Amino acid sequence: MPSVHYEAPTSLAQAAQFLQGNSNVKILAGGTDLLVQMKLGIRQPALIVDIKHIPELMEFTLGDQGLHLGAAVSGAIVNDHADVRRIYPGFVEALGLIGSSQVQGRCSAGGNLCNASPAADSVPALMVNRAMCNIIGPSGTRTVAVENFNTGPGKNCLARGEILVSIDIPLPAPRSSDAYLRFIPRTEMDIAVAGAAVAIRLDATGVCTAARVAIGAVAPTALLVPAAAAALVGSKLDDAALSKAAAAASAASSPISDKRGTAEYRKKVVGVLVRRAAIIAKARIEAQV
Amino acid sequence: MSKQRKTHVSTTVNGEPCEFLCEPTQVLSDVLRNNLNLTGTKEGCNTGDCGACSVMLDGALVCACLVLAVEVQDRDIETIEGVAKEGKLHPIQQKLLEHAALQCGICTPGVVIASKALLEKNPDPSESEVRYWLAGNLCRCTGYDKIIRAVLDAGAVMRGE
């Protein structure tokens, strides 16, 4: 790796100074993407700003408003929290699919989002959970819905000097749940060929009253699919509704062909994943006491 | 690479205070092996895929090749050298030997560190849980069956069964 300067600010104000004073700066959270990219020569920052000593980036609280997740909190910390696993099973399973146990010790939902891979597992799951991104920068703070955060492969909405500080995920309504599924040719340690997250709410008779569907690895960014969600609402997730949702997800996708799969295959399989994720979310609601 | 000032880092390795000088681009696996002569931590892929450089960092299992050495100021690191206590092998080490679950040995320190982390968190994992937990520890000679059996067996020993 070419030479680089390292700073570990302990406050957002200090971090802002480093970020604004240098045009070739990268933020270091867990480093599971950045350090690999630097070793491969894809990125060559002159300055690395380690944000893990800034308290706001490491906050992790579950309360009446939902989950408040500092952008640099590791997957392992999230996964080890039994209540968070119970309340957001789909989000936690998506975050937990990133890399190995070792990678989980360092990777974060915030990093997964900022790295902006179209195949990022946690991003569709954040979308169906209505996650909001808290950003701070030279012109103050702003909040962006997670579905508007990424703008293309490797690209996000952060302007120069801005930092993603935290992610807020509201508490799901009663009789709600979520699920995330991805297809990979192996059983572990791979990158999604296609991914799908579904969050639904059912009334006491099992009729779906609210739904969110998001797909990954089949478009330049992860994508909310309102038409797929609309196909589920008002149904009891019967086969006709699931087929309609699957078709809507396939139609909304615009995948590329690459070494992981052909565009035709991805289009087909993302619909299958939506169907199956919806069935899992429904089973999770039915299992709630 | 241009000459730059080295950074002084104070940290704790296997319970002992420890200091070193490093370049900002050096990763922890490099410093452990080449600055501190702790060569039990192996370097495999160097991109976080193989798990050979697994160490514990403040109680979290990580790949030392994906940690900058400058990041470990005032942290607590546990490497394979700290696993056997007073000349006595840890049950995982003992069971890996008994099951002949290693050949070249390059993956073994990482397997020991990762398995120990699992068993300390989940004392009675299923075979499936062990397999998923160790998915990031690649072994290219023994295959995984013996390793998995050794870890399950070590769990039984640690539970006093």
# chains A, B, ... in the order shown; residues from 1 in each chain; ligands from 1
>>> interface_residues(of="chain A", to="chain B", cutoff="9 Å", atoms="only C-alpha atoms", output="list in words")
Met1, Pro2, Ser3, Val4, His5, Tyr6, Ala8, Gly30, Gly31, Thr32, Asp33, Leu35, Val36, Lys39, Leu40, Asp50, Ala76, Ile77, Gly99, Ser100, Ser101, Gln102, Val103, Gln104, Gly105, Arg106, Thr187, Glu188 and Met189 of chain A
>>> write_last_selection(atoms="C-alpha atoms", output="PDB file, in the first residue's frame")
ATOM      1  CA  MET A   1       0.000   0.000   0.000  1.00  0.00           C
ATOM      2  CA  PRO A   2       1.294   3.497  -0.755  1.00  0.00           C
ATOM      3  CA  SER A   3       1.890   5.701   2.251  1.00  0.00           C
ATOM      4  CA  VAL A   4      -1.101   7.145   4.015  1.00  0.00           C
ATOM      5  CA  HIS A   5      -1.757   9.296   7.037  1.00  0.00           C
ATOM      6  CA  TYR A   6      -3.964   7.961   9.855  1.00  0.00           C
ATOM      7  CA  ALA A   8      -8.477   8.734  14.956  1.00  0.00           C
ATOM      8  CA  GLY A  30     -14.397  -1.798  10.165  1.00  0.00           C
ATOM      9  CA  GLY A  31     -12.041  -1.693   7.178  1.00  0.00           C
ATOM     10  CA  THR A  32     -13.352  -4.921   5.672  1.00  0.00           C
ATOM     11  CA  ASP A  33     -13.947  -3.163   2.360  1.00  0.00           C
ATOM     12  CA  LEU A  35      -8.396  -2.122   3.547  1.00  0.00           C
ATOM     13  CA  VAL A  36      -9.016  -4.743   0.862  1.00  0.00           C
ATOM     14  CA  LYS A  39      -4.357  -3.561  -0.818  1.00  0.00           C
ATOM     15  CA  LEU A  40      -5.716  -4.164  -4.305  1.00  0.00           C
ATOM     16  CA  ASP A  50     -10.868   6.147  11.833  1.00  0.00           C
ATOM     17  CA  ALA A  76     -21.083  -9.153  15.861  1.00  0.00           C
ATOM     18  CA  ILE A  77     -22.395  -6.664  18.450  1.00  0.00           C
ATOM     19  CA  GLY A  99     -18.431 -12.221   5.274  1.00  0.00           C
ATOM     20  CA  SER A 100     -17.161 -14.604   7.922  1.00  0.00           C
ATOM     21  CA  SER A 101     -17.343 -14.586  11.724  1.00  0.00           C
ATOM     22  CA  GLN A 102     -14.045 -12.692  11.553  1.00  0.00           C
ATOM     23  CA  VAL A 103     -15.459 -10.079   9.176  1.00  0.00           C
ATOM     24  CA  GLN A 104     -18.513  -9.758  11.443  1.00  0.00           C
ATOM     25  CA  GLY A 105     -16.166  -8.644  14.233  1.00  0.00           C
ATOM     26  CA  ARG A 106     -15.400  -5.525  12.214  1.00  0.00           C
ATOM     27  CA  THR A 187     -23.749 -22.077   1.527  1.00  0.00           C
ATOM     28  CA  GLU A 188     -21.562 -19.371   3.105  1.00  0.00           C
ATOM     29  CA  MET A 189     -18.895 -16.774   2.403  1.00  0.00           C
TER      30      MET A 189
END
>>> select_by_dssp(residues="segment 39-206 of chain A", states="alpha helix (DSSP H)", output="ChimeraX atom specification")
/A:39,75-79,82-87,89-96,101-104,109-115,122-128
>>> select_by_dssp(residues="segment 55-161 of chain B", states="strand (DSSP E or B)", output="PyMOL selection string")
chain B and resi 55-57+60-63+68+76-78+85+88
>>> write_last_selection(atoms="N, CA and C atoms", output="compact mmCIF listing (two decimals), in the first residue's frame")
# COMPACT_ATOMS: atom_id res chain seq x y z
N VAL B 55 -7.32 -13.36 15.15
CA VAL B 55 -6.91 -13.00 16.51
C VAL B 55 -8.13 -12.41 17.20
N MET B 56 -8.05 -12.26 18.52
CA MET B 56 -9.10 -11.58 19.26
C MET B 56 -8.66 -10.13 19.51
N LEU B 57 -9.54 -9.20 19.22
CA LEU B 57 -9.25 -7.78 19.42
C LEU B 57 -10.34 -7.23 20.34
N ALA B 60 -13.29 -9.41 20.32
CA ALA B 60 -13.97 -9.69 19.05
C ALA B 60 -13.04 -10.48 18.14
N LEU B 61 -13.60 -11.50 17.50
CA LEU B 61 -12.83 -12.28 16.54
C LEU B 61 -12.65 -11.46 15.26
N VAL B 62 -11.40 -11.28 14.84
CA VAL B 62 -11.14 -10.49 13.62
C VAL B 62 -10.00 -11.14 12.83
N CYS B 63 -9.90 -10.74 11.57
CA CYS B 63 -8.72 -11.08 10.77
C CYS B 63 -7.68 -9.99 11.00
N LEU B 68 -5.57 -2.26 10.79
CA LEU B 68 -4.34 -1.48 10.73
C LEU B 68 -3.64 -1.56 12.09
N ASP B 76 -6.69 -4.65 23.43
CA ASP B 76 -6.32 -5.91 24.06
C ASP B 76 -6.35 -7.00 22.98
N ILE B 77 -5.19 -7.55 22.68
CA ILE B 77 -5.08 -8.53 21.59
C ILE B 77 -4.74 -9.89 22.16
N GLU B 78 -5.43 -10.91 21.65
CA GLU B 78 -5.07 -12.27 22.04
C GLU B 78 -4.70 -13.05 20.78
N LYS B 85 -1.95 -22.32 28.40
CA LYS B 85 -1.58 -21.66 29.65
C LYS B 85 -0.63 -22.56 30.44
N LYS B 88 0.23 -25.94 29.25
CA LYS B 88 -0.85 -26.90 29.07
C LYS B 88 -1.71 -26.47 27.87
>>> residues_around(residues="Gly82 of chain B", least_positions_apart="6", cutoff="12 Å", atoms="only C-alpha atoms", output="ChimeraX atom specification")
/B:12-16,38,40-41,55-56,76,88-90,109,112-113,116
>>> write_last_selection(atoms="C-alpha atoms", output="tab-separated table (two decimals), in the first residue's frame")
chain	number	residue	atom	x	y	z
B	12	THR	CA	-1.59	-5.32	25.22
B	13	VAL	CA	-0.80	-8.66	23.63
B	14	ASN	CA	-1.73	-11.84	25.49
B	15	GLY	CA	-2.00	-9.92	28.74
B	16	GLU	CA	1.44	-8.31	28.46
B	38	LEU	CA	4.75	-13.66	17.11
B	40	GLY	CA	2.00	-18.21	15.28
B	41	THR	CA	-0.49	-15.91	13.58
B	55	VAL	CA	-6.91	-13.00	16.51
B	56	MET	CA	-9.10	-11.58	19.26
B	76	ASP	CA	-6.32	-5.91	24.06
B	88	LYS	CA	-0.85	-26.90	29.07
B	89	LEU	CA	-2.70	-27.07	25.76
B	90	HIS	CA	-6.19	-25.65	25.53
B	109	PRO	CA	-3.83	-21.18	14.78
B	112	VAL	CA	-8.01	-22.53	17.38
B	113	ILE	CA	-8.68	-18.82	17.96
B	116	LYS	CA	-12.29	-20.86	21.19
>>> atom_distance(atom1="atom CA of Ala194 of chain A", atom2="atom CA of Gly152 of chain A")
16.5 Å
>>> residues_around(residues="Leu67 of chain A", least_positions_apart="3", cutoff="10 Å", atoms="only C-alpha atoms", output="number ranges by chain")
A: 60-64, 70, 84, 87-88, 131, 167-171
>>> write_last_selection(atoms="C-alpha atoms", output="PDB file, in the first residue's frame")
ATOM      1  CA  PHE A  60     -26.286   1.058  20.082  1.00  0.00           C
ATOM      2  CA  THR A  61     -29.618   1.417  21.863  1.00  0.00           C
ATOM      3  CA  LEU A  62     -32.974  -0.261  21.552  1.00  0.00           C
ATOM      4  CA  GLY A  63     -35.855   1.793  22.942  1.00  0.00           C
ATOM      5  CA  ASP A  64     -39.412   2.978  22.397  1.00  0.00           C
ATOM      6  CA  GLY A  70     -24.139   3.969  15.310  1.00  0.00           C
ATOM      7  CA  VAL A  84     -32.612  -6.929  18.384  1.00  0.00           C
ATOM      8  CA  ILE A  87     -37.502  -7.691  16.799  1.00  0.00           C
ATOM      9  CA  TYR A  88     -35.653  -7.366  13.465  1.00  0.00           C
ATOM     10  CA  ALA A 131     -34.385   2.859   8.184  1.00  0.00           C
ATOM     11  CA  ILE A 167     -29.076   4.621  11.380  1.00  0.00           C
ATOM     12  CA  ASP A 168     -32.485   4.676  13.057  1.00  0.00           C
ATOM     13  CA  ILE A 169     -34.823   1.762  12.526  1.00  0.00           C
ATOM     14  CA  PRO A 170     -38.347   2.267  13.883  1.00  0.00           C
ATOM     15  CA  LEU A 171     -40.004  -0.444  15.951  1.00  0.00           C
TER      16      LEU A 171
END
>>> atom_distance(atom1="atom CA of Asn148 of chain A", atom2="atom CA of Thr10 of chain A")
28.7 Å
>>> closest_residue(among="B:Glu43, B:Ala154, B:Cys139, B:Asn34", to="Leu119 of chain B", atoms="only C-alpha atoms")
B:Ala154
